[in-house]
$ cat structure10.txt   # compact mmCIF, C-alpha atoms
# COMPACT_ATOMS: atom_id res chain seq x y z
CA MET A 1 75.36 117.25 3.81
CA ARG A 2 71.97 118.58 4.82
CA PHE A 3 68.89 118.59 2.60
CA ASP A 4 65.84 120.68 3.55
CA ILE A 5 62.79 119.73 1.51
CA PHE A 6 59.66 121.89 1.55
CA THR A 7 56.55 120.07 0.39
CA LEU A 8 52.81 119.64 0.89
CA PHE A 9 53.26 115.85 0.94
CA PRO A 10 56.18 114.86 3.20
CA ASP A 11 54.93 111.28 3.51
CA VAL A 12 55.84 110.70 -0.14
CA PHE A 13 59.54 110.71 0.80
CA GLN A 14 59.64 108.30 3.71
CA PRO A 15 59.56 104.93 1.86
CA TYR A 16 62.46 105.88 -0.38
CA LEU A 17 64.49 107.49 2.38
CA GLN A 18 64.16 104.34 4.48
CA THR A 19 65.58 102.10 1.76
CA SER A 20 69.02 101.06 0.55
CA ILE A 21 71.73 103.65 -0.12
CA LEU A 22 69.99 106.73 1.28
CA GLN A 23 68.99 104.91 4.44
CA ARG A 24 72.58 103.81 5.07
CA ALA A 25 73.89 107.28 4.27
CA GLN A 26 71.61 108.75 6.93
CA GLN A 27 72.56 106.09 9.46
CA LYS A 28 76.24 106.88 8.90
CA GLY A 29 75.60 110.60 9.31
CA LEU A 30 76.72 111.34 5.76
CA ILE A 31 73.46 113.09 4.88
CA GLU A 32 70.62 114.66 6.84
CA VAL A 33 67.18 114.95 5.24
CA HIS A 34 64.71 117.33 6.90
CA LEU A 35 61.15 117.37 5.59
CA HIS A 36 59.05 120.48 6.15
CA ASN A 37 55.31 120.53 5.54
CA ILE A 38 54.45 123.87 3.94
CA ARG A 39 50.88 123.55 5.22
CA ASP A 40 52.17 123.85 8.79
CA TYR A 41 53.16 127.44 8.05
CA ALA A 42 49.77 128.60 6.79
CA THR A 43 48.25 130.91 9.41
CA ASP A 44 44.57 130.82 8.49
CA LYS A 45 42.02 128.58 10.21
CA HIS A 46 41.97 125.95 7.46
CA HIS A 47 45.71 126.04 6.62
CA ILE A 48 45.09 126.94 3.00
CA THR A 49 48.18 126.83 0.81
CA ASP A 50 46.68 127.47 -2.65
CA ASP A 51 44.21 129.83 -4.28
CA GLU A 52 42.68 130.71 -7.64
CA PRO A 53 44.93 132.55 -10.08
CA TYR A 54 44.38 136.26 -10.66
CA GLY A 55 43.08 136.83 -14.16
CA GLY A 56 41.22 133.54 -14.26
CA GLY A 57 42.19 130.19 -15.70
CA GLY A 58 42.10 126.60 -14.59
CA GLY A 59 43.84 125.09 -11.61
CA MET A 60 45.14 126.54 -8.39
CA VAL A 61 48.36 128.36 -7.51
CA MET A 62 50.47 127.83 -4.39
CA LYS A 63 50.29 130.93 -2.17
CA PRO A 64 53.51 132.82 -1.37
CA GLU A 65 52.98 133.37 2.38
CA PRO A 66 53.29 129.75 3.58
CA ILE A 67 56.25 129.06 1.32
CA PHE A 68 58.17 132.14 2.44
CA ALA A 69 57.31 131.45 6.08
CA ALA A 70 58.43 127.83 5.87
CA VAL A 71 61.75 128.52 4.16
CA GLU A 72 62.66 131.60 6.21
CA SER A 73 61.68 129.96 9.52
CA VAL A 74 64.05 127.09 8.82
CA LEU A 75 66.86 128.75 6.87
CA GLY A 76 66.67 132.41 7.85
CA ALA A 77 65.86 135.53 5.85
CA PRO A 78 67.45 135.57 3.42
CA PRO A 79 68.31 131.86 3.37
CA ALA A 80 72.00 131.12 3.77
CA CYS A 81 71.99 128.27 1.24
CA PRO A 82 70.76 127.73 -2.34
CA VAL A 83 66.99 127.34 -2.57
CA ILE A 84 65.90 125.29 -5.57
CA LEU A 85 62.39 125.19 -6.99
CA LEU A 86 61.46 121.94 -8.76
CA THR A 87 59.45 122.99 -11.81
CA PRO A 88 59.06 121.97 -15.48
CA GLN A 89 60.21 125.51 -16.36
CA GLY A 90 63.63 125.07 -14.76
CA LYS A 91 66.91 124.19 -16.41
CA THR A 92 67.43 120.48 -16.93
CA PHE A 93 69.12 118.71 -14.04
CA ASN A 94 72.19 116.72 -15.06
CA HIS A 95 75.34 115.02 -13.85
CA GLN A 96 77.39 118.21 -13.67
CA ILE A 97 74.78 120.03 -11.58
CA ALA A 98 74.58 117.09 -9.18
CA ARG A 99 78.34 117.17 -8.73
CA GLN A 100 78.30 120.92 -8.07
CA TYR A 101 75.55 120.62 -5.46
CA ALA A 102 77.50 117.87 -3.68
CA GLN A 103 80.08 120.52 -2.73
CA LEU A 104 77.49 122.36 -0.62
CA GLU A 105 76.85 121.96 3.09
CA THR A 106 73.10 122.57 2.77
CA LEU A 107 70.66 122.44 -0.13
CA ALA A 108 66.98 123.45 0.04
CA LEU A 109 64.38 122.06 -2.36
CA ILE A 110 60.87 123.43 -2.83
CA CYS A 111 58.34 121.06 -4.38
CA GLY A 112 55.83 122.83 -6.59
CA ARG A 113 52.22 121.59 -6.93
CA TYR A 114 49.03 122.37 -8.83
CA GLU A 115 49.56 125.01 -11.54
CA GLY A 116 52.77 126.10 -9.84
CA VAL A 117 53.85 128.69 -7.30
CA ASP A 118 53.10 132.40 -7.04
CA GLU A 119 55.64 134.22 -9.22
CA ARG A 120 56.94 136.17 -6.23
CA VAL A 121 58.41 132.93 -4.89
CA ARG A 122 60.42 132.60 -8.10
CA GLU A 123 61.50 136.23 -8.10
CA HIS A 124 62.37 136.81 -4.44
CA LEU A 125 63.01 133.48 -2.70
CA VAL A 126 64.46 130.76 -4.91
CA THR A 127 68.00 130.96 -6.27
CA ASP A 128 67.50 128.49 -9.11
CA GLU A 129 64.87 126.35 -10.82
CA LEU A 130 65.34 122.74 -11.89
CA SER A 131 63.48 120.33 -14.13
CA ILE A 132 64.26 116.62 -14.46
CA GLY A 133 62.92 116.39 -18.00
CA ASP A 134 60.60 117.74 -20.66
CA TYR A 135 57.38 116.46 -19.14
CA VAL A 136 55.01 117.45 -16.35
CA LEU A 137 54.58 115.61 -13.05
CA SER A 138 51.81 116.08 -10.49
CA GLY A 139 54.29 117.75 -8.17
CA GLY A 140 57.95 118.33 -7.43
CA GLU A 141 58.30 115.53 -4.88
CA LEU A 142 59.56 112.90 -7.31
CA ALA A 143 61.93 115.43 -8.85
CA ALA A 144 63.26 116.34 -5.40
CA LEU A 145 63.97 112.67 -4.72
CA VAL A 146 65.87 112.44 -8.00
CA VAL A 147 68.02 115.44 -7.05
CA LEU A 148 68.57 114.13 -3.52
CA ASP A 149 69.63 110.70 -4.76
CA ALA A 150 71.90 111.96 -7.55
CA VAL A 151 73.67 114.51 -5.36
CA SER A 152 74.14 112.06 -2.47
CA ARG A 153 75.99 109.62 -4.72
CA PHE A 154 78.87 112.10 -5.00
CA LEU A 155 79.39 112.35 -1.26
CA PRO A 156 82.34 110.34 0.06
CA GLY A 157 81.24 107.10 1.72
CA VAL A 158 77.68 107.05 0.39
CA LEU A 159 78.39 104.43 -2.26
CA GLY A 160 79.95 101.10 -1.34
CA ASP A 161 82.32 101.41 -4.29
CA PRO A 162 84.44 104.57 -3.83
CA ASP A 163 84.81 104.83 -7.62
CA GLY A 164 81.12 104.14 -8.31
CA ALA A 165 80.14 107.73 -9.06
CA VAL A 166 83.21 108.17 -11.26
CA ASP A 167 82.38 105.12 -13.38
CA ASP A 168 78.68 105.91 -13.78
CA SER A 169 77.17 106.97 -17.09
CA TYR A 170 77.89 110.67 -17.82
CA ALA A 171 80.70 110.84 -15.25
CA LEU A 172 83.33 110.78 -17.98
CA GLY A 173 81.10 112.24 -20.66
CA LEU A 174 80.06 108.82 -22.00
CA LEU A 175 77.36 106.27 -21.32
CA GLU A 176 78.58 103.39 -19.18
CA TYR A 177 79.87 100.13 -20.65
CA PRO A 178 77.86 96.85 -20.36
CA HIS A 179 78.03 94.83 -17.15
CA TYR A 180 77.99 91.04 -16.72
CA THR A 181 78.04 88.70 -13.73
CA ARG A 182 77.80 84.95 -13.05
CA PRO A 183 76.93 82.58 -14.63
CA ALA A 184 79.37 82.85 -17.52
CA GLU A 185 76.74 81.32 -19.78
CA PHE A 186 72.97 81.76 -19.52
CA ARG A 187 70.56 80.24 -22.03
CA GLY A 188 73.39 79.98 -24.50
CA TRP A 189 74.40 83.63 -24.11
CA ARG A 190 78.03 83.89 -23.04
CA VAL A 191 79.85 86.65 -21.25
CA PRO A 192 82.42 88.23 -23.62
CA ASP A 193 85.66 86.22 -23.41
CA VAL A 194 87.74 89.31 -22.71
CA LEU A 195 86.04 89.74 -19.33
CA LEU A 196 87.09 86.24 -18.34
CA SER A 197 90.68 86.64 -19.55
CA GLY A 198 92.14 88.22 -16.43
CA ASP A 199 93.98 90.69 -18.67
CA HIS A 200 93.13 93.99 -16.99
CA GLY A 201 94.58 96.06 -19.80
CA ARG A 202 92.42 94.35 -22.43
CA ILE A 203 89.39 94.58 -20.16
CA ALA A 204 89.90 98.32 -19.62
CA ARG A 205 90.20 98.92 -23.35
CA TRP A 206 87.14 96.76 -24.10
CA ARG A 207 85.10 98.68 -21.57
CA ARG A 208 86.22 102.00 -23.00
CA GLU A 209 85.34 100.92 -26.54
CA GLN A 210 81.97 99.59 -25.42
CA ALA A 211 81.25 102.92 -23.70
CA LEU A 212 82.19 104.73 -26.90
CA LEU A 213 80.05 102.39 -28.99
CA ARG A 214 77.03 102.72 -26.74
CA THR A 215 77.33 106.50 -26.63
CA TRP A 216 77.79 106.66 -30.42
CA GLN A 217 74.66 104.55 -30.91
CA ARG A 218 72.40 106.12 -28.29
CA ARG A 219 73.67 109.62 -27.39
CA PRO A 220 76.05 110.80 -30.12
CA ASP A 221 75.57 114.37 -28.90
CA LEU A 222 77.63 113.53 -25.81
CA LEU A 223 80.69 112.76 -27.94
CA GLU A 224 80.94 116.41 -28.94
CA LYS A 225 81.93 117.38 -25.40
CA ALA A 226 83.65 114.19 -24.21
CA THR A 227 87.41 114.11 -23.67
CA LEU A 228 88.67 111.62 -26.25
CA SER A 229 92.12 110.13 -26.71
CA LYS A 230 93.72 109.35 -30.08
CA GLU A 231 92.69 105.71 -29.61
CA ASP A 232 89.12 106.77 -28.89
CA LYS A 233 88.96 108.90 -32.01
CA ALA A 234 90.44 106.12 -34.12
CA PHE A 235 87.85 103.66 -32.78
CA LEU A 236 84.99 106.06 -33.55
CA GLU A 237 86.34 106.64 -37.05
CA ARG A 238 86.31 102.86 -37.65
CA LEU A 239 82.70 102.79 -36.50
CA ARG A 240 81.80 105.57 -38.93
CA GLN A 241 83.59 103.86 -41.79
CA THR A 242 81.83 100.57 -41.05
CA GLN A 243 78.47 102.34 -40.96
CA ALA A 244 79.19 104.11 -44.25
CA THR A 245 80.16 100.80 -45.88
CA LEU A 246 76.97 99.13 -44.70
CA ARG A 247 74.86 102.00 -45.98
CA GLN A 248 76.60 101.90 -49.34
CA GLY A 249 75.91 98.17 -49.54
CA GLU A 250 72.23 98.74 -48.82
CA ASN A 251 72.04 101.41 -51.53
CA ASP A 252 73.73 99.10 -54.05
CA GLU A 253 71.13 96.42 -53.38
CA ILE A 254 68.35 98.90 -54.04

$ encode --input "structure10.txt" --output "structure tokens"
Amino acid sequence: MRFDIFTLFPDVFQPYLQTSILQRAQQKGLIEVHLHNIRDYATDKHHITDDEPYGGGGGMVMKPEPIFAAVESVLGAPPACPVILLTPQGKTFNHQIARQYAQLETLALICGRYEGVDERVREHLVTDELSIGDYVLSGGELAALVVLDAVSRFLPGVLGDPDGAVDDSYALGLLEYPHYTRPAEFRGWRVPDVLLSGDHGRIARWRREQALLRTWQRRPDLLEKATLSKEDKAFLERLRQTQATLRQGENDEI
């Protein structure tokens, strides 16, 4: 899969791209990452890529000409692939979107900066807008890395474990179960006995229940959309009954 990233700060990406999973994915030819400096496409003497906003106000706005020139020079006019603008105003990036993007051959990402981009970029160039959360970053570079990393994990061969992306949190609609490794005991804290039992059926059920418990405690909203078996629903009902009993006991003490 090919990623084309349009940014004013391409050097931000290199350290992460030259590390661990993404580095190996590039070496294997599973992904290609092409960084394009928007400033290279500015035609004026000083390569200016931003200007004051019409109507006044603080901050600067990224000019449309260099952005259009950069994207269309690389991808054609109109671009033949989705063009995503990283912006706090976009829809929230999630597991499902990452999986959808992993089906593409090429994905283009535009990194916003300053007060944002000229509105004509939104209206006539990008196909979608993404945010990675309800907060503001100095630019879209970190968000682009998040998208790149999350999407790449779904590509066959990128992860060492072929089932890794399937078992991750959110993959099955639940947060992931706890993980343990050697030693079996550390500072008096033991690994749950079931994980040492060798009984794969018991281990699978324990992991499922732990995923349900963790999701119920931390992200109960996810349970509304998760696919749950009869056993799952019975386990959650026991959790609710236990919680109700504890609350009743606390009220009685008061």

$ closest_residue --input "structure10.txt" --among "A:Leu142, A:Leu75, A:Met62, A:Leu155" --to "A:Leu104" --atoms "only C-alpha atoms"
A:Leu155

$ atom_distance --input "structure10.txt" --atom1 "atom CA of A:Val61" --atom2 "atom CA of A:Gly139"
12.2 Å

$ residues_around --input "structure10.txt" --residues "A:Gln26" --least-positions-apart "6" --cutoff "10 Å" --atoms "all atoms listed in the file" --output "ChimeraX atom specification"
/A:1,17-18,32-33,158

$ atom_distance --input "structure10.txt" --atom1 "atom CA of A:Leu195" --atom2 "atom CA of A:Ala211"
14.7 Å

$ atom_distance --input "structure10.txt" --atom1 "atom CA of A:Gly249" --atom2 "atom CA of A:Lys233"
24.3 Å

$ residues_near_point --input "structure10.txt" --point "(62.6, 127.0, 5.9)" --cutoff "9 Å" --atoms "all atoms listed in the file" --output "PyMOL selection string"
chain A and resi 4-6+36+38+67-76+79+108

$ closest_residue --input "structure10.txt" --among "A:Ala234, A:Asp50, A:Pro178, A:Lys63" --to "A:Arg120" --atoms "all atoms listed in the file"
A:Lys63

$ residues_around --input "structure10.txt" --residues "A:Gln14" --least-positions-apart "4" --cutoff "12 Å" --atoms "all atoms listed in the file" --output "list in words"
Phe9, Pro10, Gln18, Thr19, Leu22, Gln23, Val33, His34, Leu35, Glu141, Leu142 and Leu145 of chain A

$ closest_residue --input "structure10.txt" --among "A:Tyr101, A:Tyr54, A:Trp189, A:Tyr135" --to "A:Pro88" --atoms "all atoms listed in the file"
A:Tyr135

$ closest_atom_pairs --input "structure10.txt" --of "stretch 173-193 of chain A" --to "stretch 226-230 of chain A" --cutoff "12 Å" --atoms "only C-alpha atoms" --output "tab-separated table"
residue	atom	partner	partner_atom	distance
A:Gly173	CA	A:Ala226	CA	4.8
A:Leu174	CA	A:Ala226	CA	6.8
A:Leu175	CA	A:Ala226	CA	10.5

$ closest_residue --input "structure10.txt" --among "A:Asp118, A:Asp252, A:Glu231, A:Glu129" --to "A:Glu209" --atoms "only C-alpha atoms"
A:Glu231

$ closest_residue --input "structure10.txt" --among "A:Leu159, A:Leu137, A:Val146, A:Met60" --to "A:Gly116" --atoms "all atoms listed in the file"
A:Met60

$ closest_residue --input "structure10.txt" --among "A:Leu172, A:Cys111, A:Ile48, A:Leu212" --to "A:Val147" --atoms "all atoms listed in the file"
A:Cys111

$ residues_around --input "structure10.txt" --residues "A:Ile132" --least-positions-apart "2" --cutoff "10 Å" --atoms "only C-alpha atoms" --output "PyMOL selection string"
chain A and resi 86-94+130+134-137+140+142-144+146-147

$ residues_around --input "structure10.txt" --residues "A:Arg240" --least-positions-apart "6" --cutoff "12 Å" --atoms "all atoms listed in the file" --output "PyMOL selection string"
chain A and resi 213+216-217+220+233-234+246-247

$ residues_around --input "structure10.txt" --residues "A:Gly58" --least-positions-apart "3" --cutoff "9 Å" --atoms "only C-alpha atoms" --output "ChimeraX atom specification"
/A:52-53,115
